[in-house]
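The data block below is input-v1.cif; it holds mmCIF, C-alpha atoms.
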data_upload
#
loop_
_atom_site.label_atom_id
_atom_site.label_comp_id
_atom_site.auth_asym_id
_atom_site.auth_seq_id
_atom_site.Cartn_x
_atom_site.Cartn_y
_atom_site.Cartn_z
CA MET A 958 5.45 -21.00 8.41
CA THR A 959 2.09 -21.98 6.95
CA ILE A 960 -0.96 -22.13 9.17
CA ALA A 961 -3.75 -24.62 8.96
CA ALA A 962 -6.27 -22.41 7.17
CA GLU A 963 -9.27 -23.14 9.32
CA LEU A 964 -12.17 -20.78 9.75
CA GLY A 965 -11.52 -18.56 12.75
CA ALA A 966 -7.82 -19.40 13.00
CA ALA A 967 -5.62 -16.56 14.15
CA LEU A 968 -2.68 -15.71 11.93
CA GLU A 969 0.76 -15.70 13.49
CA PRO A 970 1.20 -11.98 14.15
CA ILE A 971 4.24 -9.88 13.37
CA THR A 972 5.57 -6.82 15.16
CA ARG A 973 7.02 -3.84 13.35
CA GLY A 974 8.69 -0.83 14.85
CA PRO A 975 9.24 1.32 16.69
CA ILE A 976 8.71 3.17 13.44
CA SER A 977 11.56 5.63 13.09
CA ARG A 978 11.89 8.84 11.17
CA SER A 979 14.71 7.25 9.24
CA GLN A 980 12.46 4.34 8.23
CA ILE A 981 9.84 6.79 6.95
CA ALA A 982 12.58 8.60 5.05
CA ARG A 983 13.85 5.31 3.60
CA PHE A 984 10.35 4.41 2.46
CA ALA A 985 9.99 7.84 0.86
CA ALA A 986 13.24 7.28 -1.00
CA ALA A 987 12.34 3.74 -2.03
CA THR A 988 9.00 4.78 -3.48
CA GLY A 989 9.63 8.37 -4.47
CA ASP A 990 6.72 9.51 -2.34
CA PHE A 991 8.06 12.69 -0.80
CA ASN A 992 4.68 14.12 0.18
CA PRO A 993 5.69 16.58 2.92
CA ILE A 994 3.30 14.99 5.43
CA HIS A 995 5.93 12.23 5.49
CA THR A 996 9.06 14.36 5.38
CA ASP A 997 8.41 17.87 6.67
CA GLU A 998 7.60 18.23 10.37
CA ALA A 999 6.39 21.83 10.09
CA PHE A 1000 4.12 21.03 7.14
CA ALA A 1001 2.64 17.98 8.87
CA GLN A 1002 1.86 20.03 11.97
CA LYS A 1003 0.43 22.86 9.90
CA ILE A 1004 -2.24 20.55 8.47
CA GLY A 1005 -3.11 19.03 11.80
CA PHE A 1006 -0.87 16.03 12.42
CA PRO A 1007 1.25 15.88 15.57
CA SER A 1008 4.34 15.10 13.51
CA ILE A 1009 5.27 13.54 10.20
CA ILE A 1010 3.33 10.33 9.56
CA ALA A 1011 4.26 7.03 7.97
CA HIS A 1012 3.11 6.25 4.43
CA GLY A 1013 -0.07 4.21 4.08
CA PRO A 1014 1.62 1.79 1.67
CA LEU A 1015 4.22 1.03 4.35
CA THR A 1016 1.36 -0.26 6.48
CA LEU A 1017 0.06 -2.20 3.50
CA ALA A 1018 3.49 -3.78 3.10
CA PHE A 1019 3.28 -4.97 6.71
CA LEU A 1020 -0.15 -6.49 6.06
CA THR A 1021 1.24 -8.27 3.01
CA GLN A 1022 4.07 -9.58 5.16
CA VAL A 1023 1.74 -11.13 7.73
CA LEU A 1024 -0.10 -12.92 4.94
CA GLY A 1025 3.19 -14.08 3.45
CA ARG A 1026 4.46 -15.28 6.81
CA ASN A 1027 1.36 -17.40 7.31
CA PHE A 1028 0.57 -18.70 3.83
CA GLY A 1029 3.81 -18.25 1.89
CA PRO A 1030 4.78 -15.03 0.14
CA ASP A 1031 4.15 -16.49 -3.32
CA LYS A 1032 0.63 -17.55 -2.30
CA VAL A 1033 -0.72 -14.10 -1.44
CA ARG A 1034 -3.38 -13.10 -3.96
CA ALA A 1035 -4.93 -9.96 -2.50
CA VAL A 1036 -4.37 -7.44 0.25
CA SER A 1037 -6.12 -4.22 1.10
CA ALA A 1038 -5.96 -1.65 3.85
CA GLN A 1039 -8.00 1.22 5.13
CA PHE A 1040 -5.89 3.72 7.01
CA ARG A 1041 -7.84 4.71 10.11
CA ALA A 1042 -5.31 6.72 12.07
CA PRO A 1043 -1.91 8.18 11.31
CA ILE A 1044 1.12 6.11 12.25
CA LEU A 1045 3.71 8.26 13.95
CA PRO A 1046 7.42 7.96 14.64
CA GLY A 1047 7.89 5.88 17.76
CA ASP A 1048 4.84 3.70 17.19
CA THR A 1049 5.22 -0.03 17.59
CA LEU A 1050 2.74 -2.00 15.54
CA ARG A 1051 1.26 -5.45 15.92
CA VAL A 1052 -0.02 -6.84 12.63
CA GLU A 1053 -2.52 -9.65 13.01
CA GLY A 1054 -5.41 -11.34 11.33
CA THR A 1055 -8.07 -13.99 11.38
CA VAL A 1056 -9.17 -16.48 8.76
CA THR A 1057 -12.75 -15.59 7.86
CA GLY A 1058 -13.35 -17.84 4.90
CA VAL A 1059 -11.97 -20.94 3.25
CA ALA A 1060 -13.26 -21.85 -0.20
CA ASP A 1061 -12.08 -22.80 -3.67
CA GLY A 1062 -8.49 -23.27 -2.60
CA ARG A 1063 -8.23 -19.87 -0.99
CA ALA A 1064 -8.32 -18.48 2.51
CA THR A 1065 -9.70 -15.02 3.11
CA CYS A 1066 -8.71 -13.04 6.17
CA GLU A 1067 -9.56 -9.94 8.09
CA LEU A 1068 -6.45 -8.02 9.03
CA ARG A 1069 -5.65 -5.39 11.64
CA VAL A 1070 -2.77 -3.19 12.60
CA LEU A 1071 -2.73 -2.27 16.28
CA ARG A 1072 -0.77 0.39 18.09
CA GLY A 1073 -0.45 -0.71 21.68
CA GLU A 1074 -3.13 -2.99 23.03
CA ASP A 1075 -6.26 -1.82 21.29
CA ASP A 1076 -5.68 1.21 19.07
CA VAL A 1077 -6.60 0.00 15.59
CA VAL A 1078 -4.70 2.16 13.11
CA ALA A 1079 -5.51 0.15 9.99
CA THR A 1080 -7.86 -2.60 8.97
CA GLY A 1081 -7.83 -4.70 5.87
CA THR A 1082 -8.55 -7.92 4.13
CA GLY A 1083 -6.42 -10.43 2.35
CA SER A 1084 -6.55 -13.70 0.53
CA ALA A 1085 -4.06 -16.43 -0.22
CA GLU A 1086 -3.92 -19.75 -2.01
CA ILE A 1087 -3.93 -22.74 0.31
CA MET B 283 -10.05 17.52 -7.59
CA ARG B 284 -10.59 17.90 -11.33
CA ASP B 285 -14.19 17.83 -12.48
CA ASP B 286 -13.41 15.52 -15.41
CA LEU B 287 -11.54 13.02 -13.28
CA LEU B 288 -13.60 9.84 -13.72
CA GLY B 289 -12.19 7.69 -16.50
CA SER B 290 -9.16 9.85 -17.11
CA GLU B 291 -6.12 7.76 -17.97
CA ILE B 292 -2.43 7.80 -17.20
CA GLU B 293 -0.16 7.50 -20.20
CA PRO B 294 1.02 3.84 -20.17
CA PHE B 295 4.61 3.39 -19.07
CA GLU B 296 7.10 0.62 -18.43
CA VAL B 297 8.29 -0.38 -14.98
CA THR B 298 11.44 -2.45 -14.63
CA ILE B 299 11.86 -4.16 -11.28
CA GLU B 300 15.42 -3.16 -10.62
CA ALA B 301 17.36 -5.13 -8.03
CA PRO B 302 18.90 -2.18 -6.15
CA LEU B 303 15.61 -0.31 -5.78
CA ASN B 304 13.86 -3.53 -4.78
CA GLN B 305 16.54 -4.21 -2.19
CA TYR B 306 16.07 -0.71 -0.84
CA PHE B 307 12.30 -1.31 -0.64
CA LEU B 308 12.89 -4.57 1.28
CA THR B 309 15.05 -2.73 3.79
CA ALA B 310 12.59 0.14 4.15
CA THR B 311 9.71 -2.23 4.88
CA ASP B 312 11.60 -4.55 7.27
CA GLU B 313 10.95 -7.42 4.91
CA ASP B 314 12.36 -10.61 6.39
CA GLN B 315 11.00 -13.37 4.17
CA ALA B 316 13.72 -15.37 2.42
CA TYR B 317 11.57 -15.65 -0.69
CA TYR B 318 12.12 -11.94 -1.32
CA LEU B 319 15.54 -11.58 0.27
CA GLU B 320 16.92 -14.11 -2.23
CA GLY B 321 16.42 -11.38 -4.80
CA LYS B 322 14.40 -13.21 -7.45
CA ALA B 323 10.92 -11.94 -6.68
CA ALA B 324 9.68 -8.59 -5.44
CA PRO B 325 6.82 -7.80 -3.08
CA PRO B 326 3.82 -6.63 -5.11
CA THR B 327 3.57 -3.54 -2.95
CA CYS B 328 6.95 -2.43 -4.35
CA LEU B 329 5.04 -1.35 -7.45
CA PHE B 330 3.69 1.62 -5.52
CA GLY B 331 5.51 4.75 -6.10
CA PRO B 332 6.42 7.83 -7.96
CA ALA B 333 9.99 6.49 -7.96
CA ARG B 334 9.00 4.56 -11.06
CA PRO B 335 9.83 6.62 -14.13
CA GLY B 336 6.56 7.55 -15.81
CA TYR B 337 4.48 7.19 -12.65
CA PRO B 338 2.74 10.52 -12.22
CA ASP B 339 2.33 12.12 -8.85
CA PRO B 340 -1.19 10.91 -8.09
CA LEU B 341 -2.33 14.06 -6.33
CA THR B 342 -1.13 16.34 -9.09
CA PHE B 343 -2.70 14.04 -11.67
CA MET B 344 -6.04 14.29 -9.91
CA GLY B 345 -5.85 18.04 -9.60
CA THR B 346 -5.37 18.22 -5.86
CA SER B 347 -2.46 18.80 -3.53
CA PHE B 348 -0.60 17.65 -0.46
CA ASP B 349 -2.40 20.00 1.89
CA LYS B 350 -5.89 18.90 0.84
CA ALA B 351 -5.73 15.16 0.21
CA VAL B 352 -4.54 11.97 1.87
CA MET B 353 -4.52 8.32 0.90
CA GLY B 354 -7.48 6.64 2.55
CA SER B 355 -7.05 3.08 1.38
CA ALA B 356 -4.94 0.88 -0.85
CA ALA B 357 -5.43 -2.54 -2.34
CA TYR B 358 -3.51 -5.01 -4.48
CA GLU B 359 -4.79 -8.01 -6.40
CA ILE B 360 -1.89 -10.29 -7.19
CA GLU B 361 -1.81 -12.87 -9.96
CA ARG B 362 1.83 -13.61 -9.15
CA PRO B 363 4.69 -11.73 -7.53
CA PRO B 364 6.67 -9.48 -9.88
CA LEU B 365 10.11 -10.84 -10.72
CA VAL B 366 13.28 -8.89 -10.22
CA GLY B 367 14.59 -7.82 -13.60
CA GLU B 368 11.32 -8.04 -15.50
CA THR B 369 9.62 -5.12 -17.18
CA LEU B 370 5.91 -4.57 -16.68
CA VAL B 371 3.61 -2.18 -18.45
CA CYS B 372 1.48 0.02 -16.21
CA ARG B 373 -1.86 1.36 -17.38
CA GLY B 374 -3.80 3.54 -14.99
CA ARG B 375 -7.13 5.28 -14.88
CA VAL B 376 -9.41 6.91 -12.37
CA ALA B 377 -11.93 4.14 -11.79
CA ASP B 378 -14.23 5.71 -9.25
CA VAL B 379 -15.12 9.13 -7.88
CA LYS B 380 -17.55 9.67 -5.04
CA VAL B 381 -18.52 12.86 -3.27
CA LYS B 382 -19.76 12.78 0.31
CA GLU B 383 -21.46 15.78 1.82
CA THR B 384 -20.30 16.70 5.31
CA PRO B 385 -21.14 19.64 7.58
CA LYS B 386 -17.81 21.20 6.63
CA GLY B 387 -18.29 20.73 2.90
CA ASN B 388 -17.83 18.04 0.29
CA MET B 389 -15.29 15.26 0.65
CA THR B 390 -14.17 13.63 -2.58
CA PHE B 391 -13.03 10.02 -2.78
CA ALA B 392 -11.16 9.14 -5.97
CA THR B 393 -9.75 5.71 -6.81
CA LEU B 394 -6.78 5.42 -9.12
CA GLU B 395 -6.60 1.91 -10.58
CA ALA B 396 -3.42 0.68 -12.22
CA THR B 397 -2.76 -2.63 -13.91
CA PHE B 398 0.71 -4.08 -14.41
CA THR B 399 1.08 -6.59 -17.23
CA ASP B 400 4.08 -8.66 -18.25
CA ALA B 401 5.79 -9.12 -21.62
CA SER B 402 3.17 -11.67 -22.69
CA GLY B 403 0.37 -9.27 -21.83
CA ALA B 404 -0.66 -11.28 -18.77
CA LEU B 405 -1.91 -9.37 -15.77
CA VAL B 406 0.52 -9.49 -12.83
CA VAL B 407 -0.84 -7.00 -10.30
CA THR B 408 -3.77 -4.60 -10.03
CA GLU B 409 -3.30 -1.65 -7.70
CA ARG B 410 -6.12 0.54 -6.36
CA LEU B 411 -5.32 3.66 -4.39
CA THR B 412 -8.12 5.77 -2.98
CA PHE B 413 -7.39 9.37 -2.11
CA ILE B 414 -9.61 11.56 0.02
CA GLU B 415 -9.78 15.28 -0.57
CA ARG B 416 -10.96 17.20 2.47
CA PRO B 417 -13.37 20.14 2.20
#

In structure tokens, how does this file's structure come out?
Amino acid sequence: MTIAAELGAALEPITRGPISRSQIARFAAATGDFNPIHTDEAFAQKIGFPSIIAHGPLTLAFLTQVLGRNFGPDKVRAVSAQFRAPILPGDTLRVEGTVTGVADGRATCELRVLRGEDDVVATGTGSAEI
Amino acid sequence: MRDDLLGSEIEPFEVTIEAPLNQYFLTATDEDQAYYLEGKAAPPTCLFGPARPGYPDPLTFMGTSFDKAVMGSAAYEIERPPLVGETLVCRGRVADVKVKETPKGNMTFATLEATFTDASGALVVTERLTFIERP
């Protein structure tokens, strides 16, 4: 689907999850990122997390997907994310965004990843050709 | 983190977008867009990762460790999606280092910037990963 890239338009959101331990393990294997905060429950708890946490780039992949869903995957030109809270096994995520600028053949967007109704676990920006 | 971090460079290395690993990445990220599932192009975010031969462990490279540092942000600029089967050259360097004083001590923010160029030398993707080292 491709949205009409109008200022203030909401992107069609996507839902991901519940994030499972096996998905985190698959992402670790796919990327080679075996940092123990993603794979070792005891280590993650030792440094203050309630459990293992999902990789930040997994969240970034979801943000890229919402841009691709709305503008076309080959049209995405930038995506960024700031990881504001750890994503834990069992979390269900809503990935959404808003068009904040349209100029020079590109739409720019603010992006968010929500856990539940209002717990913002990541924010970001993106741009895509239109 | 290392004191001489800013400007330090990763030895350039080649990354081949291999179909099986890309397929595994698509599965791991719940990718559902036909454009990628057809197997010709790869999501730019698939370039992240120590799974790529030559890609150094970023935390070790920056002189820190798992128990001190986390990834705070990540960004990709995309000229075009990488193609399955193509080989890109990755060049990386530490592009920015900032230290923020906190009541508990200094926090260090270090950004590792990597460019991926194709066989013609054209830029395909720029990746920026910012790691935060706690006091």

Find the residues of chain B that sit at most 7 Å from chain A; for each, write down the nearest two atoms and how far apart they are in Å, to one decimal. Count only C-alpha atoms. Sort by chain, then by number going up, and give it as a tab-separated table.
residue	atom	partner	partner_atom	distance
B:Leu303	CA	A:Ala987	CA	6.4
B:Tyr306	CA	A:Ala987	CA	5.9
B:Phe307	CA	A:Ala987	CA	5.2
B:Ala310	CA	A:Phe984	CA	5.1
B:Thr311	CA	A:Leu1015	CA	6.4
B:Tyr317	CA	A:Pro1030	CA	6.9
B:Thr327	CA	A:Ala1018	CA	6.1
B:Phe330	CA	A:Thr988	CA	6.5
B:Gly331	CA	A:Thr988	CA	4.4
B:Pro332	CA	A:Gly989	CA	4.8
B:Ala333	CA	A:Gly989	CA	4.0
B:Phe348	CA	A:Asn992	CA	6.4
B:Asp349	CA	A:Ile1004	CA	6.6
B:Met353	CA	A:Gly1013	CA	6.8
B:Gly354	CA	A:Phe1040	CA	5.6
B:Ser355	CA	A:Gln1039	CA	4.3
B:Ala356	CA	A:Ala1038	CA	5.4
B:Ala357	CA	A:Ser1037	CA	3.9
B:Tyr358	CA	A:Val1036	CA	5.4
B:Glu359	CA	A:Ala1035	CA	4.4
B:Ile360	CA	A:Arg1034	CA	4.5
B:Glu361	CA	A:Arg1034	CA	6.2
B:Arg362	CA	A:Asp1031	CA	6.9
B:Pro363	CA	A:Asp1031	CA	6.4

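A straight line drawn from atom CA of Thr346 of chain B to atom CA of Phe398 of chain B is 24.6 Å long.
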
Need the shell around segment 350-352 of chain B: protein/DNA/RNA residues with any atom at most 6 Å away, counting only C-alpha atoms. Skip same-chain ones fewer than 2 positions apart. Format as a PDB file with C-alpha atoms, in the frame of the given file?
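Result file follows (result-v2.pdb):
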ATOM      1  CA  SER B 347      -2.460  18.800  -3.530  1.00  0.00           C
ATOM      2  CA  PHE B 348      -0.600  17.650  -0.460  1.00  0.00           C
ATOM      3  CA  PHE B 413      -7.390   9.370  -2.110  1.00  0.00           C
ATOM      4  CA  ILE B 414      -9.610  11.560   0.020  1.00  0.00           C
ATOM      5  CA  GLU B 415      -9.780  15.280  -0.570  1.00  0.00           C
ATOM      6  CA  ARG B 416     -10.960  17.200   2.470  1.00  0.00           C
TER       7      ARG B 416
END

List as an MDAnalysis selection string the protein and nucleic acid residues near segment 284-301 of chain B, meaning an atom at most 7 Å away when all atoms listed in the file are counted, but skip any in the same chain fewer than 4 places from it. chainID B and resid 305 334 336 344:345 365:379

Could you jot down the atom CA of Glu1067 of chain A to atom CA of Val407 of chain B separation for me, Å, one decimal place? 20.6 Å

Point-to-point distance in Å for atom CA of Leu1024 of chain A and atom CA of Ala316 of chain B: 14.3 Å

Within 10 Å of (5.3, 5.9, 13.4) in the file's own coordinates, which protein, DNA or RNA residues have an atom, counting all atoms listed in the file? List them as a ChimeraX atom specification. /A:973-978,980-981,1008-1012,1043-1050,1072

Can you save segment 346-360 of chain B of the given block to a file, including all heavy atoms and formatted as a JSON list (two decimals), in the first residue's frame?
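After the write, result-v3.json holds the following:
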[["chain", "number", "residue", "atom", "x", "y", "z"],
["B", 346, "THR", "N", 35.26, -1.22, 24.97],
["B", 346, "THR", "CA", 34.32, -1.35, 26.08],
["B", 346, "THR", "C", 33.78, -2.78, 26.09],
["B", 346, "THR", "O", 34.33, -3.66, 25.43],
["B", 346, "THR", "CB", 33.21, -0.28, 26.00],
["B", 346, "THR", "OG1", 32.42, -0.35, 27.17],
["B", 346, "THR", "CG2", 32.35, -0.45, 24.76],
["B", 347, "SER", "N", 32.73, -3.01, 26.84],
["B", 347, "SER", "CA", 32.28, -4.39, 26.99],
["B", 347, "SER", "C", 30.77, -4.45, 27.21],
["B", 347, "SER", "O", 30.12, -3.44, 27.45],
["B", 347, "SER", "CB", 33.00, -5.05, 28.17],
["B", 347, "SER", "OG", 32.74, -4.32, 29.35],
["B", 348, "PHE", "N", 30.27, -5.66, 27.12],
["B", 348, "PHE", "CA", 28.84, -5.93, 27.24],
["B", 348, "PHE", "C", 28.23, -5.36, 28.52],
["B", 348, "PHE", "O", 27.08, -4.92, 28.52],
["B", 348, "PHE", "CB", 28.59, -7.44, 27.27],
["B", 348, "PHE", "CG", 28.93, -8.15, 26.01],
["B", 348, "PHE", "CD1", 29.57, -9.37, 26.05],
["B", 348, "PHE", "CD2", 28.57, -7.63, 24.77],
["B", 348, "PHE", "CE1", 29.87, -10.06, 24.89],
["B", 348, "PHE", "CE2", 28.86, -8.31, 23.61],
["B", 348, "PHE", "CZ", 29.51, -9.53, 23.67],
["B", 349, "ASP", "N", 28.98, -5.43, 29.61],
["B", 349, "ASP", "CA", 28.38, -5.05, 30.89],
["B", 349, "ASP", "C", 28.41, -3.55, 31.14],
["B", 349, "ASP", "O", 27.84, -3.07, 32.11],
["B", 349, "ASP", "CB", 29.04, -5.80, 32.05],
["B", 349, "ASP", "CG", 30.55, -5.64, 32.06],
["B", 349, "ASP", "OD1", 31.09, -5.19, 31.03],
["B", 349, "ASP", "OD2", 31.16, -5.99, 33.07],
["B", 350, "LYS", "N", 29.06, -2.80, 30.25],
["B", 350, "LYS", "CA", 29.15, -1.35, 30.44],
["B", 350, "LYS", "C", 28.37, -0.57, 29.39],
["B", 350, "LYS", "O", 27.99, 0.58, 29.63],
["B", 350, "LYS", "CB", 30.61, -0.91, 30.34],
["B", 350, "LYS", "CG", 31.51, -1.34, 31.46],
["B", 350, "LYS", "CD", 32.89, -0.75, 31.22],
["B", 350, "LYS", "CE", 33.89, -1.21, 32.25],
["B", 350, "LYS", "NZ", 35.25, -0.75, 31.86],
["B", 351, "ALA", "N", 28.17, -1.12, 28.21],
["B", 351, "ALA", "CA", 27.67, -0.31, 27.10],
["B", 351, "ALA", "C", 26.45, -0.94, 26.44],
["B", 351, "ALA", "O", 26.31, -2.17, 26.40],
["B", 351, "ALA", "CB", 28.77, -0.12, 26.07],
["B", 352, "VAL", "N", 25.58, -0.08, 25.93],
["B", 352, "VAL", "CA", 24.42, -0.52, 25.17],
["B", 352, "VAL", "C", 24.31, 0.33, 23.91],
["B", 352, "VAL", "O", 24.90, 1.41, 23.83],
["B", 352, "VAL", "CB", 23.10, -0.38, 25.98],
["B", 352, "VAL", "CG1", 23.10, -1.31, 27.17],
["B", 352, "VAL", "CG2", 22.87, 1.06, 26.40],
["B", 353, "MET", "N", 23.52, -0.15, 22.95],
["B", 353, "MET", "CA", 23.27, 0.65, 21.76],
["B", 353, "MET", "C", 22.15, 1.63, 22.07],
["B", 353, "MET", "O", 21.07, 1.23, 22.49],
["B", 353, "MET", "CB", 22.88, -0.25, 20.58],
["B", 353, "MET", "CG", 22.76, 0.50, 19.26],
["B", 353, "MET", "SD", 22.17, -0.53, 17.91],
["B", 353, "MET", "CE", 23.53, -1.70, 17.76],
["B", 354, "GLY", "N", 22.42, 2.90, 21.87],
["B", 354, "GLY", "CA", 21.41, 3.91, 22.18],
["B", 354, "GLY", "C", 20.59, 4.32, 20.99],
["B", 354, "GLY", "O", 19.42, 4.69, 21.13],
["B", 355, "SER", "N", 21.18, 4.28, 19.81],
["B", 355, "SER", "CA", 20.44, 4.65, 18.61],
["B", 355, "SER", "C", 21.09, 4.02, 17.39],
["B", 355, "SER", "O", 22.25, 3.58, 17.45],
["B", 355, "SER", "CB", 20.36, 6.18, 18.45],
["B", 355, "SER", "OG", 21.65, 6.71, 18.26],
["B", 356, "ALA", "N", 20.33, 3.98, 16.32],
["B", 356, "ALA", "CA", 20.83, 3.43, 15.07],
["B", 356, "ALA", "C", 20.16, 4.15, 13.92],
["B", 356, "ALA", "O", 19.00, 4.57, 14.04],
["B", 356, "ALA", "CB", 20.55, 1.93, 14.98],
["B", 357, "ALA", "N", 20.88, 4.31, 12.84],
["B", 357, "ALA", "CA", 20.32, 5.02, 11.69],
["B", 357, "ALA", "C", 20.90, 4.48, 10.40],
["B", 357, "ALA", "O", 22.08, 4.10, 10.35],
["B", 357, "ALA", "CB", 20.60, 6.52, 11.81],
["B", 358, "TYR", "N", 20.08, 4.46, 9.36],
["B", 358, "TYR", "CA", 20.52, 4.06, 8.03],
["B", 358, "TYR", "C", 20.10, 5.12, 7.03],
["B", 358, "TYR", "O", 18.95, 5.59, 7.05],
["B", 358, "TYR", "CB", 19.91, 2.71, 7.62],
["B", 358, "TYR", "CG", 20.53, 1.53, 8.34],
["B", 358, "TYR", "CD1", 20.17, 1.23, 9.64],
["B", 358, "TYR", "CD2", 21.50, 0.75, 7.72],
["B", 358, "TYR", "CE1", 20.76, 0.17, 10.32],
["B", 358, "TYR", "CE2", 22.09, -0.30, 8.39],
["B", 358, "TYR", "CZ", 21.72, -0.59, 9.68],
["B", 358, "TYR", "OH", 22.30, -1.63, 10.35],
["B", 359, "GLU", "N", 21.03, 5.49, 6.17],
["B", 359, "GLU", "CA", 20.70, 6.28, 4.98],
["B", 359, "GLU", "C", 20.85, 5.34, 3.80],
["B", 359, "GLU", "O", 21.87, 4.64, 3.68],
["B", 359, "GLU", "CB", 21.64, 7.48, 4.84],
["B", 359, "GLU", "CG", 21.41, 8.53, 5.91],
["B", 359, "GLU", "CD", 22.38, 9.68, 5.79],
["B", 359, "GLU", "OE1", 23.08, 9.78, 4.76],
["B", 359, "GLU", "OE2", 22.46, 10.47, 6.74],
["B", 360, "ILE", "N", 19.84, 5.32, 2.95],
["B", 360, "ILE", "CA", 19.75, 4.28, 1.94],
["B", 360, "ILE", "C", 19.69, 4.91, 0.55],
["B", 360, "ILE", "O", 18.74, 5.64, 0.23],
["B", 360, "ILE", "CB", 18.47, 3.43, 2.19],
["B", 360, "ILE", "CG1", 18.50, 2.87, 3.62],
["B", 360, "ILE", "CG2", 18.35, 2.33, 1.16],
["B", 360, "ILE", "CD1", 17.16, 2.88, 4.31]]
